[in-house]
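Source file: run-v3.tsv. Holds: TSV, C-alpha atoms.
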chain	number	residue	atom	x	y	z
P	60	MET	CA	-33.85	-12.86	105.95
P	61	LYS	CA	-37.46	-12.61	104.75
P	62	ILE	CA	-37.73	-9.61	102.42
P	63	LEU	CA	-41.01	-8.17	101.19
P	64	HIS	CA	-40.69	-5.90	98.16
P	65	CYS	CA	-43.64	-3.50	97.95
P	66	CYS	CA	-44.52	-2.12	94.51
P	67	LEU	CA	-47.65	-0.22	95.50
P	68	ALA	CA	-46.74	3.35	94.55
P	69	ASN	CA	-46.57	2.64	90.85
P	70	PHE	CA	-46.92	-0.07	88.23
P	71	TYR	CA	-45.24	-3.47	88.43
P	72	ILE	CA	-44.39	-5.20	85.15
P	73	ASP	CA	-43.40	-8.85	84.92
P	74	ASN	CA	-40.45	-9.89	82.75
P	75	TYR	CA	-38.89	-6.42	82.66
P	76	GLY	CA	-35.48	-5.18	83.76
P	77	TYR	CA	-36.64	-2.47	86.13
P	78	GLN	CA	-35.22	-2.16	89.62
P	79	GLU	CA	-38.35	-3.61	91.21
P	80	ASN	CA	-37.79	-6.74	89.09
P	81	ILE	CA	-34.06	-7.09	89.61
P	82	LEU	CA	-33.63	-6.39	93.34
P	83	PRO	CA	-36.06	-9.15	94.39
P	84	LYS	CA	-34.40	-11.50	91.91
P	85	LEU	CA	-30.92	-10.77	93.28
P	86	HIS	CA	-32.03	-10.94	96.91
P	87	LYS	CA	-33.47	-14.38	96.24
P	88	LEU	CA	-30.27	-15.50	94.50
P	89	GLN	CA	-28.30	-14.20	97.49
P	90	GLY	CA	-30.17	-16.60	99.77
P	91	HIS	CA	-33.06	-14.56	101.15
P	92	GLU	CA	-36.72	-15.57	101.22
P	93	VAL	CA	-38.49	-13.04	99.00
P	94	GLU	CA	-42.06	-12.06	98.17
P	95	ILE	CA	-43.51	-9.16	96.18
P	96	VAL	CA	-46.74	-7.29	96.84
P	97	ALA	CA	-47.80	-5.14	93.89
P	98	SER	CA	-50.57	-3.05	92.44
P	99	THR	CA	-52.66	-4.29	89.52
P	100	GLU	CA	-51.17	-1.59	87.28
P	101	THR	CA	-48.90	-2.92	84.54
P	102	TYR	CA	-48.02	-2.54	80.86
P	103	ILE	CA	-50.52	-3.94	78.39
P	104	ASN	CA	-48.90	-5.35	75.24
P	105	ASN	CA	-45.67	-3.53	76.17
P	106	LYS	CA	-47.18	-0.25	75.00
P	107	SER	CA	-49.43	1.47	77.50
P	108	LEU	CA	-50.33	1.31	81.17
P	109	GLY	CA	-53.42	-0.61	82.15
P	110	TYR	CA	-54.75	-2.91	84.86
P	111	VAL	CA	-55.00	-6.65	85.43
P	112	GLN	CA	-57.11	-8.62	87.86
P	113	PRO	CA	-55.85	-9.11	91.45
P	114	LYS	CA	-54.17	-12.49	91.81
P	115	LYS	CA	-51.33	-14.46	93.35
P	116	TYR	CA	-48.78	-16.16	91.12
P	117	VAL	CA	-45.14	-17.18	90.89
P	118	ASN	CA	-43.19	-14.93	88.54
P	119	GLU	CA	-40.37	-15.63	86.09
P	120	ASN	CA	-37.84	-15.61	88.95
P	121	ASP	CA	-39.77	-18.19	91.01
P	122	THR	CA	-40.96	-15.49	93.45
P	123	LEU	CA	-44.50	-15.21	94.79
P	124	VAL	CA	-46.27	-12.04	93.64
P	125	SER	CA	-49.49	-10.84	95.28
P	126	ARG	CA	-51.28	-8.27	93.13
P	127	ILE	CA	-53.79	-6.71	95.50
P	128	PRO	CA	-56.88	-4.68	94.53
P	129	TYR	CA	-57.66	-1.04	95.13
P	130	ILE	CA	-60.55	-0.28	97.47
P	131	ASN	CA	-63.83	-0.02	95.60
P	132	TRP	CA	-65.75	2.55	97.64
P	133	LEU	CA	-64.05	5.50	95.90
P	134	PRO	CA	-63.95	6.27	92.15
P	135	HIS	CA	-61.10	4.44	90.40
P	136	ILE	CA	-59.74	7.68	88.90
P	137	LEU	CA	-59.20	8.97	92.44
P	138	VAL	CA	-58.11	5.81	94.19
P	139	LYS	CA	-55.40	5.02	91.62
P	140	LYS	CA	-53.73	8.35	92.56
P	141	LEU	CA	-54.24	7.95	96.31
P	142	ARG	CA	-53.30	4.26	96.06
P	143	ILE	CA	-55.44	2.72	98.78
P	144	TYR	CA	-55.49	-1.08	98.75
P	145	LYS	CA	-57.34	-4.05	100.16
P	146	GLY	CA	-55.34	-7.04	101.36
P	147	LEU	CA	-52.00	-5.51	102.34
P	148	ASN	CA	-52.40	-6.43	106.01
P	149	LYS	CA	-52.96	-10.07	105.10
P	150	VAL	CA	-49.80	-10.17	102.99
P	151	LEU	CA	-47.78	-8.63	105.82
P	152	HIS	CA	-49.09	-10.95	108.52
P	153	ASP	CA	-48.91	-14.09	106.39
P	154	PHE	CA	-45.30	-13.49	105.27
P	155	LYS	CA	-43.97	-11.79	108.45
P	156	PRO	CA	-41.04	-10.01	106.74
P	157	ASP	CA	-37.80	-9.11	108.49
P	158	ILE	CA	-37.15	-6.43	105.85
P	159	ILE	CA	-39.70	-4.36	103.95
P	160	PHE	CA	-38.33	-2.65	100.86
P	161	LEU	CA	-40.68	-0.01	99.48
P	162	HIS	CA	-40.26	0.87	95.82
P	163	ASP	CA	-41.44	4.46	96.27
P	164	CYS	CA	-43.66	5.44	99.18
P	165	GLN	CA	-46.49	7.43	97.58
P	166	PHE	CA	-49.47	5.32	98.62
P	167	LEU	CA	-51.94	6.03	101.41
P	168	SER	CA	-52.04	2.40	102.47
P	169	ILE	CA	-48.54	2.99	103.80
P	170	HIS	CA	-50.19	3.38	107.21
P	171	GLN	CA	-50.54	-0.43	107.20
P	172	ILE	CA	-46.76	-0.71	106.83
P	173	VAL	CA	-46.40	1.72	109.73
P	174	ASN	CA	-48.77	-0.34	111.90
P	175	TYR	CA	-46.81	-3.49	111.12
P	176	ALA	CA	-43.52	-1.75	112.01
P	177	LYS	CA	-44.97	-0.55	115.33
P	178	LYS	CA	-45.94	-4.09	116.29
P	179	ASN	CA	-42.74	-5.65	114.97
P	180	ASN	CA	-40.00	-3.26	116.00
P	181	GLY	CA	-37.23	-5.51	114.69
P	182	THR	CA	-38.43	-5.02	111.12
P	183	LYS	CA	-36.05	-3.06	108.90
P	184	ILE	CA	-37.61	-0.71	106.38
P	185	TYR	CA	-35.94	0.81	103.33
P	186	VAL	CA	-37.57	3.16	100.83
P	187	ASP	CA	-36.32	3.97	97.37
P	188	GLY	CA	-37.39	6.85	95.17
P	189	HIS	CA	-37.89	7.10	91.41
P	190	THR	CA	-39.52	10.53	91.49
P	191	ASP	CA	-38.02	13.81	90.31
P	192	PHE	CA	-39.06	17.02	88.59
P	193	ILE	CA	-38.47	15.52	85.13
P	194	ASN	CA	-40.91	12.62	85.43
P	195	SER	CA	-43.30	14.02	88.09
P	196	ALA	CA	-44.76	17.16	89.67
P	197	LYS	CA	-44.96	18.78	86.23
P	198	ASN	CA	-48.11	20.83	86.84
P	199	TRP	CA	-49.42	22.91	89.75
P	200	LEU	CA	-51.89	20.27	91.00
P	201	SER	CA	-49.36	17.45	90.90
P	202	LYS	CA	-46.59	19.48	92.52
P	203	ASN	CA	-48.53	21.33	95.22
P	204	ILE	CA	-51.34	18.91	96.11
P	205	LEU	CA	-50.25	15.38	95.22
P	206	HIS	CA	-46.56	15.66	96.09
P	207	LYS	CA	-46.24	18.48	98.61
P	208	ILE	CA	-49.29	17.41	100.64
P	209	ILE	CA	-50.54	13.86	100.00
P	210	TYR	CA	-47.35	12.06	99.05
P	211	LYS	CA	-45.29	14.07	101.52
P	212	TYR	CA	-47.70	12.84	104.21
P	213	CYS	CA	-46.92	9.26	103.13
P	214	ALA	CA	-43.16	9.83	103.23
P	215	LYS	CA	-43.24	11.54	106.63
P	216	LYS	CA	-45.52	8.81	108.00
P	217	ILE	CA	-42.97	6.10	107.25
P	218	GLU	CA	-39.85	8.19	107.99
P	219	PRO	CA	-39.52	7.33	111.74
P	220	TYR	CA	-39.42	3.61	110.91
P	221	THR	CA	-37.14	3.83	107.85
P	222	LEU	CA	-33.41	3.19	108.01
P	223	LYS	CA	-32.62	4.67	104.59
P	224	PHE	CA	-34.35	6.56	101.81
P	225	TYR	CA	-32.60	5.83	98.53
P	226	GLY	CA	-32.80	8.18	95.57
P	227	THR	CA	-32.11	6.20	92.41
P	228	LEU	CA	-30.67	9.35	90.78
P	229	PRO	CA	-28.94	12.31	92.41
P	230	SER	CA	-31.98	14.40	91.43
P	231	ARG	CA	-34.20	11.95	93.31
P	232	VAL	CA	-32.06	12.25	96.43
P	233	LYS	CA	-32.79	15.99	96.30
P	234	PHE	CA	-36.51	15.35	95.74
P	235	PHE	CA	-36.76	13.38	98.99
P	236	VAL	CA	-35.17	16.23	100.93
P	237	GLU	CA	-36.59	19.29	99.19
P	238	VAL	CA	-40.15	18.14	98.44
P	239	TYR	CA	-40.92	15.52	101.07
P	240	GLY	CA	-38.80	17.06	103.84
P	241	ILE	CA	-36.91	13.86	104.66
P	242	ASP	CA	-33.94	14.26	107.00
P	243	ASP	CA	-30.93	14.39	104.67
P	244	ARG	CA	-28.96	12.17	107.06
P	245	LYS	CA	-31.30	9.34	106.12
P	246	VAL	CA	-31.06	9.88	102.35
P	247	GLU	CA	-28.43	8.59	99.96
P	248	LEU	CA	-27.93	7.52	96.35
P	249	LEU	CA	-28.60	3.90	95.39
P	250	GLU	CA	-27.86	3.62	91.70
P	251	LEU	CA	-29.81	1.57	89.21
P	252	GLY	CA	-27.58	-0.91	87.44
P	253	ALA	CA	-26.99	-3.87	85.15
P	254	ASP	CA	-28.30	-7.28	86.13
P	255	ASP	CA	-25.01	-9.14	86.12
P	256	SER	CA	-26.80	-12.36	87.06
P	257	SER	CA	-28.22	-12.42	83.51
P	258	PHE	CA	-24.95	-12.64	81.63
P	259	ASP	CA	-21.35	-13.78	81.88
P	260	PHE	CA	-18.63	-11.32	80.90
P	261	SER	CA	-16.42	-14.23	79.85
P	262	GLU	CA	-18.90	-14.84	76.99
P	263	GLU	CA	-19.00	-11.19	75.87
P	264	ASP	CA	-16.84	-11.63	72.76
P	265	ASP	CA	-18.75	-14.70	71.57
P	266	ILE	CA	-22.11	-12.99	72.13
P	267	ARG	CA	-20.88	-9.88	70.32
P	268	LYS	CA	-19.77	-11.83	67.27
P	269	LYS	CA	-22.94	-13.93	67.17
P	270	VAL	CA	-25.34	-10.97	67.41
P	271	ARG	CA	-23.42	-8.81	64.92
P	272	ARG	CA	-23.32	-11.70	62.47
P	273	SER	CA	-27.06	-12.31	62.86
P	274	LEU	CA	-27.76	-8.62	62.13
P	275	GLY	CA	-25.53	-8.59	59.06
P	276	PHE	CA	-22.88	-6.25	60.45
P	277	LYS	CA	-19.32	-6.24	59.19
P	278	LYS	CA	-16.31	-6.22	61.49
P	279	LYS	CA	-15.56	-2.52	60.92
P	280	ASP	CA	-19.15	-1.33	61.30
P	281	PHE	CA	-19.64	1.14	64.14
P	282	VAL	CA	-22.85	0.15	65.92
P	283	LEU	CA	-24.97	2.59	67.91
P	284	VAL	CA	-27.73	1.36	70.18
P	285	SER	CA	-30.75	3.03	71.77
P	286	GLY	CA	-34.18	2.01	72.92
P	287	GLY	CA	-36.59	1.61	75.81
P	288	LYS	CA	-39.93	3.36	76.04
P	289	LEU	CA	-40.14	4.96	72.62
P	290	ASP	CA	-42.05	8.12	73.46
P	291	ARG	CA	-41.40	11.67	72.26
P	292	ARG	CA	-39.46	12.76	75.35
P	293	LYS	CA	-36.81	10.11	74.71
P	294	ASN	CA	-35.89	11.92	71.44
P	295	ILE	CA	-34.95	8.65	69.77
P	296	HIS	CA	-36.77	9.86	66.65
P	297	VAL	CA	-34.28	12.76	66.53
P	298	LEU	CA	-31.40	10.28	66.80
P	299	MET	CA	-32.92	8.33	63.92
P	300	LYS	CA	-33.13	11.50	61.79
P	301	SER	CA	-29.42	12.13	62.40
P	302	MET	CA	-28.62	8.92	60.53
P	303	ASN	CA	-29.63	10.67	57.29
P	304	ILE	CA	-26.88	13.28	57.84
P	305	LEU	CA	-23.86	11.06	58.57
P	306	GLY	CA	-22.92	10.26	54.99
P	307	THR	CA	-21.51	6.80	55.70
P	308	ASP	CA	-22.88	3.26	55.65
P	309	ARG	CA	-20.29	2.19	58.22
P	310	ILE	CA	-22.40	3.56	61.09
P	311	LYS	CA	-25.44	1.49	62.04
P	312	LEU	CA	-28.18	2.23	64.58
P	313	VAL	CA	-29.99	-0.54	66.44
P	314	ILE	CA	-33.30	0.46	68.03
P	315	PHE	CA	-35.29	-1.77	70.38
P	316	GLY	CA	-38.57	-1.21	72.18
P	317	SER	CA	-42.15	-0.57	71.15
P	318	PRO	CA	-43.17	2.96	70.16
P	319	ASN	CA	-46.26	4.37	71.82
P	320	THR	CA	-49.26	5.29	69.69
P	321	GLU	CA	-48.05	8.88	69.26
P	322	MET	CA	-44.69	7.80	67.82
P	323	GLU	CA	-45.64	4.68	65.88
P	324	LYS	CA	-46.16	6.18	62.41
P	325	GLU	CA	-43.17	8.54	62.53
P	326	MET	CA	-40.74	5.88	63.73
P	327	LYS	CA	-41.93	3.42	61.12
P	328	GLU	CA	-41.17	5.96	58.42
P	329	LEU	CA	-37.73	6.68	59.88
P	330	THR	CA	-36.75	3.00	59.83
P	331	GLU	CA	-36.82	3.12	56.04
P	332	ASN	CA	-33.18	4.18	56.37
P	333	LYS	CA	-31.24	0.97	55.64
P	334	ASN	CA	-28.71	1.79	58.38
P	335	ILE	CA	-31.38	1.71	61.10
P	336	ILE	CA	-32.23	-1.73	62.42
P	337	PRO	CA	-35.47	-1.91	64.47
P	338	LEU	CA	-35.65	-4.96	66.72
P	339	GLY	CA	-38.97	-4.30	68.45
P	340	TRP	CA	-39.55	-5.27	72.06
P	341	LEU	CA	-36.80	-7.40	73.61
P	342	SER	CA	-36.63	-9.38	76.82
P	343	SER	CA	-34.12	-8.08	79.37
P	344	ASN	CA	-31.68	-10.92	78.58
P	345	LYS	CA	-31.78	-10.14	74.85
P	346	ILE	CA	-31.14	-6.46	75.60
P	347	TYR	CA	-27.81	-7.34	77.21
P	348	ASP	CA	-26.83	-9.36	74.13
P	349	VAL	CA	-27.50	-6.32	71.94
P	350	LEU	CA	-25.53	-4.04	74.27
P	351	PHE	CA	-22.53	-6.41	74.03
P	352	ALA	CA	-22.78	-6.23	70.23
P	353	SER	CA	-22.74	-2.41	70.18
P	354	ASP	CA	-19.99	0.20	70.24
P	355	LEU	CA	-21.81	3.25	71.60
P	356	GLY	CA	-25.06	3.77	73.52
P	357	PHE	CA	-26.90	6.97	72.57
P	358	PHE	CA	-29.72	8.38	74.70
P	359	PRO	CA	-30.71	11.94	73.68
P	360	GLY	CA	-33.79	12.31	75.90
P	361	THR	CA	-35.14	11.69	79.37
P	362	HIS	CA	-33.48	9.23	81.72
P	363	SER	CA	-33.99	5.51	81.28
P	364	VAL	CA	-32.81	2.50	83.28
P	365	LEU	CA	-30.89	1.68	80.11
P	366	TRP	CA	-28.40	4.42	80.98
P	367	GLU	CA	-27.12	2.50	83.99
P	368	GLN	CA	-27.44	-0.85	82.21
P	369	CYS	CA	-25.15	0.37	79.43
P	370	VAL	CA	-22.58	1.73	81.87
P	371	GLY	CA	-22.83	-1.50	83.87
P	372	VAL	CA	-21.86	-3.66	80.88
P	373	GLY	CA	-18.94	-1.39	80.00
P	374	LEU	CA	-20.50	0.34	76.98
P	375	PRO	CA	-19.38	3.93	76.18
P	376	CYS	CA	-22.36	6.26	75.88
P	377	VAL	CA	-23.68	9.69	74.97
P	378	PHE	CA	-26.48	11.06	77.17
P	379	LYS	CA	-28.58	14.19	77.11
P	380	LYS	CA	-27.34	16.62	79.75
P	381	TRP	CA	-29.69	16.95	82.73
P	382	ASP	CA	-29.08	18.68	86.04
P	383	ASP	CA	-28.22	16.17	88.78
P	384	ILE	CA	-28.10	13.17	86.45
P	385	ASP	CA	-24.36	12.95	85.91
P	386	HIS	CA	-23.60	9.95	88.13
P	387	VAL	CA	-23.24	7.77	85.01
P	388	ASP	CA	-19.95	9.54	84.29
P	389	VAL	CA	-17.37	7.37	86.06
P	390	GLY	CA	-14.45	9.22	84.51
P	391	GLY	CA	-14.41	9.50	80.73
P	392	ASN	CA	-16.79	6.69	79.77
P	393	CYS	CA	-19.48	8.99	78.43
P	394	ALA	CA	-20.24	12.35	76.87
P	395	PHE	CA	-23.17	14.68	77.49
P	396	LEU	CA	-25.07	16.62	74.84
P	397	GLU	CA	-27.09	19.74	75.68
P	398	ASP	CA	-28.35	20.77	72.26
P	399	ILE	CA	-30.59	18.01	70.91
P	400	THR	CA	-31.00	18.33	67.16
P	401	ALA	CA	-30.35	15.88	64.34
P	402	GLU	CA	-27.32	17.98	63.36
P	403	SER	CA	-25.78	18.13	66.85
P	404	ILE	CA	-26.31	14.40	67.33
P	405	ALA	CA	-24.71	13.62	63.96
P	406	ASN	CA	-21.72	15.80	64.83
P	407	LYS	CA	-21.24	14.02	68.17
P	408	ILE	CA	-21.48	10.59	66.54
P	409	LEU	CA	-18.87	11.54	63.92
P	410	GLU	CA	-16.61	13.10	66.56
P	411	ILE	CA	-16.44	9.79	68.42
P	412	TYR	CA	-16.43	7.56	65.33
P	413	GLU	CA	-13.52	9.40	63.71
P	414	ASN	CA	-11.37	9.54	66.86
P	415	GLU	CA	-10.07	6.05	67.58
P	416	GLU	CA	-8.05	7.24	70.58
P	417	LEU	CA	-11.17	8.78	72.16
P	418	ARG	CA	-13.17	5.59	71.57
P	419	THR	CA	-10.44	3.51	73.20
P	420	GLU	CA	-10.32	5.79	76.27
P	421	MET	CA	-14.11	5.75	76.65
P	422	LYS	CA	-14.20	1.97	76.41
P	423	LYS	CA	-11.38	1.54	78.92
P	424	SER	CA	-13.08	3.78	81.49
P	425	ALA	CA	-16.46	2.07	80.94
P	426	SER	CA	-15.00	-1.41	81.37
P	427	GLU	CA	-12.73	-0.69	84.33
P	428	LYS	CA	-14.97	1.61	86.38
P	429	GLY	CA	-18.54	1.41	85.11
P	430	VAL	CA	-18.90	-2.37	85.39
P	431	LYS	CA	-17.92	-2.41	89.06
P	432	ARG	CA	-20.00	0.57	90.15
P	433	PHE	CA	-23.21	-0.43	88.39
P	434	SER	CA	-23.28	-4.15	89.25
P	435	TYR	CA	-26.74	-5.06	90.57
P	436	SER	CA	-25.24	-7.90	92.59
P	437	GLU	CA	-23.40	-5.32	94.66
P	438	ILE	CA	-26.25	-2.77	94.58
P	439	ALA	CA	-28.64	-5.41	95.97
P	440	LYS	CA	-26.36	-5.98	98.96
P	441	ARG	CA	-26.01	-2.25	99.63
P	442	ALA	CA	-29.79	-1.80	99.39
P	443	ILE	CA	-30.27	-3.76	102.60
P	444	GLN	CA	-27.02	-2.52	104.15
P	445	GLN	CA	-25.06	-5.76	103.80

Go ahead and express the file in the form of structure tokens.
Amino acid sequence: MKILHCCLANFYIDNYGYQENILPKLHKLQGHEVEIVASTETYINNKSLGYVQPKKYVNENDTLVSRIPYINWLPHILVKKLRIYKGLNKVLHDFKPDIIFLHDCQFLSIHQIVNYAKKNNGTKIYVDGHTDFINSAKNWLSKNILHKIIYKYCAKKIEPYTLKFYGTLPSRVKFFVEVYGIDDRKVELLELGADDSSFDFSEEDDIRKKVRRSLGFKKKDFVLVSGGKLDRRKNIHVLMKSMNILGTDRIKLVIFGSPNTEMEKEMKELTENKNIIPLGWLSSNKIYDVLFASDLGFFPGTHSVLWEQCVGVGLPCVFKKWDDIDHVDVGGNCAFLEDITAESIANKILEIYENEELRTEMKKSASEKGVKRFSYSEIAKRAIQQ
């Protein structure tokens, strides 16, 4: 099958572990011919969103990427929200995909996808969704104009030609139905996951020992891990403050990722605690090594793809409680925390650390159930209904 992954409703970042990176990679490994068409929006220096020049290139997974430009007859500030592109038709007609997988559908140039589907009625179209009321539609203009009018128009335009709309969280399944008015019979959950093509579980123990040794950890040290986009809503700075309350040097906290400008000074000061180990930005492969070396993932803020990655490698976790984001609980592998303060976080860490039986049960559930459910190799097959 020839599969075109479209990343035109948002940014596309090379060398990351986001779904729009991993699904094309896995589809290619599974024997399909794959291309990616993407916007010019990306991360600059792993810190903030910016734009690169339109170009074609082969990415880190040996897949052709076409970054196409926005139209230039409207102001950029407007066109980057409406997402109208030049060159999409050419990509479609040159590649002639059998499957078009849209990573979100909020771009006005979606009418070109519709036109292609009309002329090629054997083409299968799937749409995923990364939009919910936590990360989007947070003010009146965004909710009532962008999403309920403009982006809903895009979703309804492609709906007749789409086999499935996938919410990547339960809350995003609801967003498709309640905000965009998509027929709920066409909508289902397609979880994010762990890229199990990047590691070998048979090497887990060796990787764990090697990484812990390199970081100076002792065998009995209890290692927490957190990271990702280090902005204020992730509350990782609150987690770091909790380390000053614990009263033991046996508990270590590994933090990876680059803080944004707002958080840079505060997080630098917090890393003066000798039990906090900042690793900076890591490649996706290195992230999995660190997860293998850890005993508990801790994510006290907004959702991150790291939630599913941790569950997918069998790591017990604590997550902030959010409505309709409880799918990461596969039966005892994780705990949820509603009250996010340094004190409540410290109490939860100590509760798990001091209860060996609880730790063993969490690890067993994570390893036996989480690994299977959140395998990207299996998710990639389900994404195109195979």

Using all atoms listed in the file, which protein or nucleic acid residues come within 10 Å of segment 194-203 of chain P? Drop anything in the same chain fewer than 5 positions from it, and give the result as a compact mmCIF listing (two decimals) with C-alpha atoms, in the frame of the given file.
# COMPACT_ATOMS: atom_id res chain seq x y z
CA HIS P 189 -37.89 7.10 91.41
CA ILE P 208 -49.29 17.41 100.64
CA ILE P 209 -50.54 13.86 100.00
CA TYR P 210 -47.35 12.06 99.05
CA VAL P 238 -40.15 18.14 98.44
CA THR P 361 -35.14 11.69 79.37
CA HIS P 362 -33.48 9.23 81.72

Do a neighbour search on Lys178 of chain P at 12 Å with all atoms listed in the file, toss out local chain neighbours closer than 5 positions, and write the hits as a PyMOL selection string. chain P and resi 151-152+155+171-173+220

One decimal, in Å: what's the spacing between atom CA of Phe315 of chain P and atom CA of Val364 of chain P? 13.8 Å

Residues within 8 Å of Leu365 of chain P, please, as a PyMOL selection string. Count only C-alpha atoms; anything in the same chain fewer than 3 positions from it doesn't count. chain P and resi 286-287+368-369

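Shortest atom-to-atom contact with Gly90 of chain P among P:Ala439, P:Val124, P:Lys223, P:Ile72: P:Ala439, counting all atoms listed in the file.
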
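Going from atom CA of Lys288 of chain P to atom CA of Val377 of chain P covers 17.5 Å.
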